[in-house]
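Asks: Could you have a look at this structure, given as structure tokens, before my questions?
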Number of protein chains: 2
Amino acid sequence: MQCLKVDLADRSYPIYIGAGILSDEALLQRHIAGRQVCVVTDDTVAPLYLESLLQKLSGYRVTSVVLPTGEAYKNWSTLQQVFDVLLAERHDRRTTLIALGGGVIGDMTGFAAACYQRGVDFIQVPTTLLSQVDSSVGGKTGINHPAGKNMLGAFYQPKAVLIDTDSLRTLPEREVSAGLAEIIKYGLIRDADFLAWLERNMAALRALDASLVTYAIERSCSIKAEVVAADEREGGVRAILNLGHTFGHAIEAHQGYGSWLHGEAVGAGMAMALDLSCRLGWITDAERNRGVALISAAGLPTVPPSGMVAADFERLMSVDKKVLDGQLRLVLLRGMGEAVVTAEFTADALRQCLVGFEQ
Amino acid sequence: MQCLKVDLADRSYPIYIGAGILSDEALLQRHIAGRQVCVVTDDTVAPLYLESLLQKLSGYRVTSVVLPTGEAYKNWSTLQQVFDVLLAERHDRRTTLIALGGGVIGDMTGFAAACYQRGVDFIQVPTTLLSQVDSSVGGKTGINHPAGKNMLGAFYQPKAVLIDTDSLRTLPEREVSAGLAEIIKYGLIRDADFLAWLERNMAALRALDASLVTYAIERSCSIKAEVVAADEREGGVRAILNLGHTFGHAIEAHQGYGSWLHGEAVGAGMAMALDLSCRLGWITDAERNRGVALISAAGLPTVPPSGMVAADFERLMSVDKKVLDGQLRLVLLRGMGEAVVTAEFTADALRQCLVGFEQ
């Protein structure tokens, strides 16, 4: 078992990574302060892992909530189901919420924990590759608004993150690829060596080779933990974690949440960010092509959906959370492994990039 | 103009108190970081003060949202109106929300600021006596759930609190009394001298004598700021600020939010807390009577609504946020000016107190 720490003063917490760690009752219970627990999961994950998790919680007063699966349900009315259950079952301020599932469950459970009685403890048990390397770490929680993804939420840190790599065995191939999108992202923004390692091992990673996957998760979480520790509330550098996400969110919003997987949209979005960085002369054509090839090797799309035009992107990107005082900022690459958050691109360069991707 | 400071490290902020301070453009603008502002108010306060506030904001891109008035609207669907406007008008992360109104507007606007894009700035401009001495200071924000008051929310501090005592001129007498309930509370929990001062000056306070009211607000905010600085997230001592509130919330829930004013429910609730403290032998009969007389002199009820019985209280109080691991805790008085949060009372003593108030 690997253990990393996210270093945030009195909000610091551990990330445990390993095969079978969910069987370790003591590890889980160490992070539960009170006697009440509420497990939040969805109807895809519940049949696979809920019963076994509940067995590790004998001795606690446990409630579980099973939500409908998918990004389309990441909204207030679904969240309300969690609050209704917590109140009906008399959960108090010392309760602990456990998020058992992918990114949607983690984000919603974290936001529920942030809001319930003005804040209760929560633990992340991410079961998808994407949530293991990305959304379970760093304290971003929230829900979607019809006008924009993750527009409502909180920065709210979990008490612990438990990543059991065994849970990847039940993950569909498409979801594995989606997780690899975020793993590639860490290489692109911060670690050229890791990028080269990914290029060498992509086939084995897609086949879920246990030790390689564990290393990829550990390296990803470690980069994320470093960036989050430097800038918890995204006043600056943390925004580099959004490489490809501004384009990606526009794709998700355009297609309707849940149609493209988040990781797929980020895959295409990173290809677009690579392309714009290249148009600005910050990376070479060869570097752009290398990045796009790696995204493609992960089984991800490298172009937006056909029919989505420049004007669609422009409209949808104007509500991005990185817009400040009306000015759009993007995460772009100054070099491979070196991301910046910048408004230093002309509207023309952006438009040419967007038009270039029109099909 | 008086200026106090709430001392919370990087979340510290000033409270300005004075007649006419809302006319001071520079004072307001000093606390607005970006170029966008959204004023949130209700349909009672808007006709009185909105126009004049907007005039102080020329040069900013300003949006205003006018919500229906009252506790009955302190819910998610009303809050949604704020988010809809913020998104429709393209407010970004650097926007500032201004809460112009009483406690409901302050709590909702603060919670909207806490959630919008995971947190934007907000400024409290409380226009009622109750919100000036209580809810605008300390960062408690939130909304009600059908099963309990303030069950959803966040600890989220404003950038500044601007208390213009001139706005009390338009306040109905009943609302003045409601504000005096919280002012009396500060004397009861923390300051016997202030309590004696209130006894001497209650008539003049009800008549809104300008300098006396300013002193009462200042002393109240100062006690609240001290307590909040010692315990921002209510891990311990901060809960003493809830004297009378557990009983009071039960009254509000029983009557339907908005039927009794919050301050009225707290008035009766404090009389009940005084009574239970007396039954436990912690204060004398004379002290209880003196406290009840002061509550009554402020024009507040000192008994719960007729028809509300002990069982109603027991049921409604079991969901209080001060319940921990199933154990109800109450704020009671060990002496006049000395409150404690305690579970050291028998169910019998509580029941006798509740039955004693049945009519």
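Chain labels follow the order of the structure tokens: the first chain is A, the next B, and so on; residue numbering restarts at 1 in every chain, and ligands are counted from 1 in their shown order.
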Pick out the chain B residues within 9 Å of chain A. Count only C-alpha atoms. Give them as a PyMOL selection string.

Replies: chain B and resi 34-36+76+83-84+87-88+90-95+112+114-119+140-142+145+147-148+150-155+233+318-326

Asks: Tell me, as a ChimeraX atom specification, which residues lie within 9 Å of Ala297 in chain B, counting only C-alpha atoms; anything in the same chain fewer than 4 positions away does not count.

Replies: /B:199,202-203,292-293

Asks: Next, dump the selected residues to file, keeping only all heavy atoms, as a compact mmCIF listing (two decimals), in the first residue's frame.

Replies:
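Contents of out09.txt, as written:
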```txt
# COMPACT_ATOMS: atom_id res chain seq x y z
N GLU B 199 -31.32 46.97 31.00
CA GLU B 199 -32.48 47.15 31.89
C GLU B 199 -32.76 48.65 32.09
O GLU B 199 -33.91 49.08 32.06
CB GLU B 199 -32.23 46.47 33.23
CG GLU B 199 -32.25 44.94 33.10
CD GLU B 199 -31.92 44.21 34.40
OE1 GLU B 199 -30.97 44.63 35.09
OE2 GLU B 199 -32.60 43.23 34.72
N MET B 202 -33.98 50.20 28.26
CA MET B 202 -34.83 49.47 27.32
C MET B 202 -35.87 50.37 26.63
O MET B 202 -36.10 50.27 25.42
CB MET B 202 -35.50 48.28 28.01
CG MET B 202 -36.25 47.34 27.09
SD MET B 202 -35.34 46.83 25.60
CE MET B 202 -34.21 45.62 26.28
N ALA B 203 -36.50 51.26 27.38
CA ALA B 203 -37.53 52.12 26.79
C ALA B 203 -36.93 53.00 25.69
O ALA B 203 -37.49 53.11 24.58
CB ALA B 203 -38.19 52.97 27.87
N VAL B 292 -36.56 37.29 32.46
CA VAL B 292 -37.86 37.22 31.78
C VAL B 292 -38.48 38.62 31.68
O VAL B 292 -39.04 38.99 30.64
CB VAL B 292 -38.80 36.23 32.51
CG1 VAL B 292 -40.21 36.29 31.92
CG2 VAL B 292 -38.25 34.80 32.41
N ALA B 293 -38.32 39.40 32.73
CA ALA B 293 -38.87 40.77 32.72
C ALA B 293 -38.22 41.63 31.64
O ALA B 293 -38.88 42.43 30.96
CB ALA B 293 -38.69 41.41 34.10
```

Asks: Given only C-alpha atoms as the basis, pick out the residue of A:Ile123, A:Ala72, A:Leu4, A:Val176 nearest to Thr96 in chain A.

Replies: A:Ile123

Asks: Set the distance at 10 Å and use only C-alpha atoms: which residues neighbour Met336 in chain A once local chain neighbours fewer than 5 positions away are removed? I'd like the list as a list in words.

Replies: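 My list of contacting residues is Gly187, Leu188, Ile189, Arg190, Asp191, Ala192, Asp193, Leu195, Leu274, Trp282, Ile283, Thr284, Glu287, Arg288, Arg290 and Gly291 of chain A.
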
Asks: Can you tell me which residues surround range 204-208 of chain A at a distance of at most 8 Å, considering only C-alpha atoms, apart from same-chain residues fewer than 4 positions away, and format the answer as a ChimeraX atom specification?

Replies: /A:168-169,173,176-177,212-213,298

Asks: Taking 5 positions as the minimum chain separation for residues in the same chain, which residues sit within 12 Å of Ala9 in chain A when counting only C-alpha atoms? Answer as a list in words.

Replies: Gln157, Ala229, Ala230 and Glu232 of chain A

Asks: Could you give me the residues within range 68-253 of chain B that DSSP places in strand (DSSP E), as number ranges by chain?

Replies: B: 96-101, 121-126, 140-145, 148-155, 160-164

Asks: May I have a table of the residues of range 38-108 of chain B lying at most 12 Å from range 11-20 of chain B, giving each one's closest pair of atoms and their distance in Å to one decimal, counting only C-alpha atoms, ordered by chain and ascending residue number, as CSV?

Replies:
```
residue,atom,partner,partner_atom,distance
B:Tyr49,CA,B:Gly20,CA,12.0
B:Ser52,CA,B:Gly20,CA,11.6
B:Leu53,CA,B:Gly20,CA,11.8
```
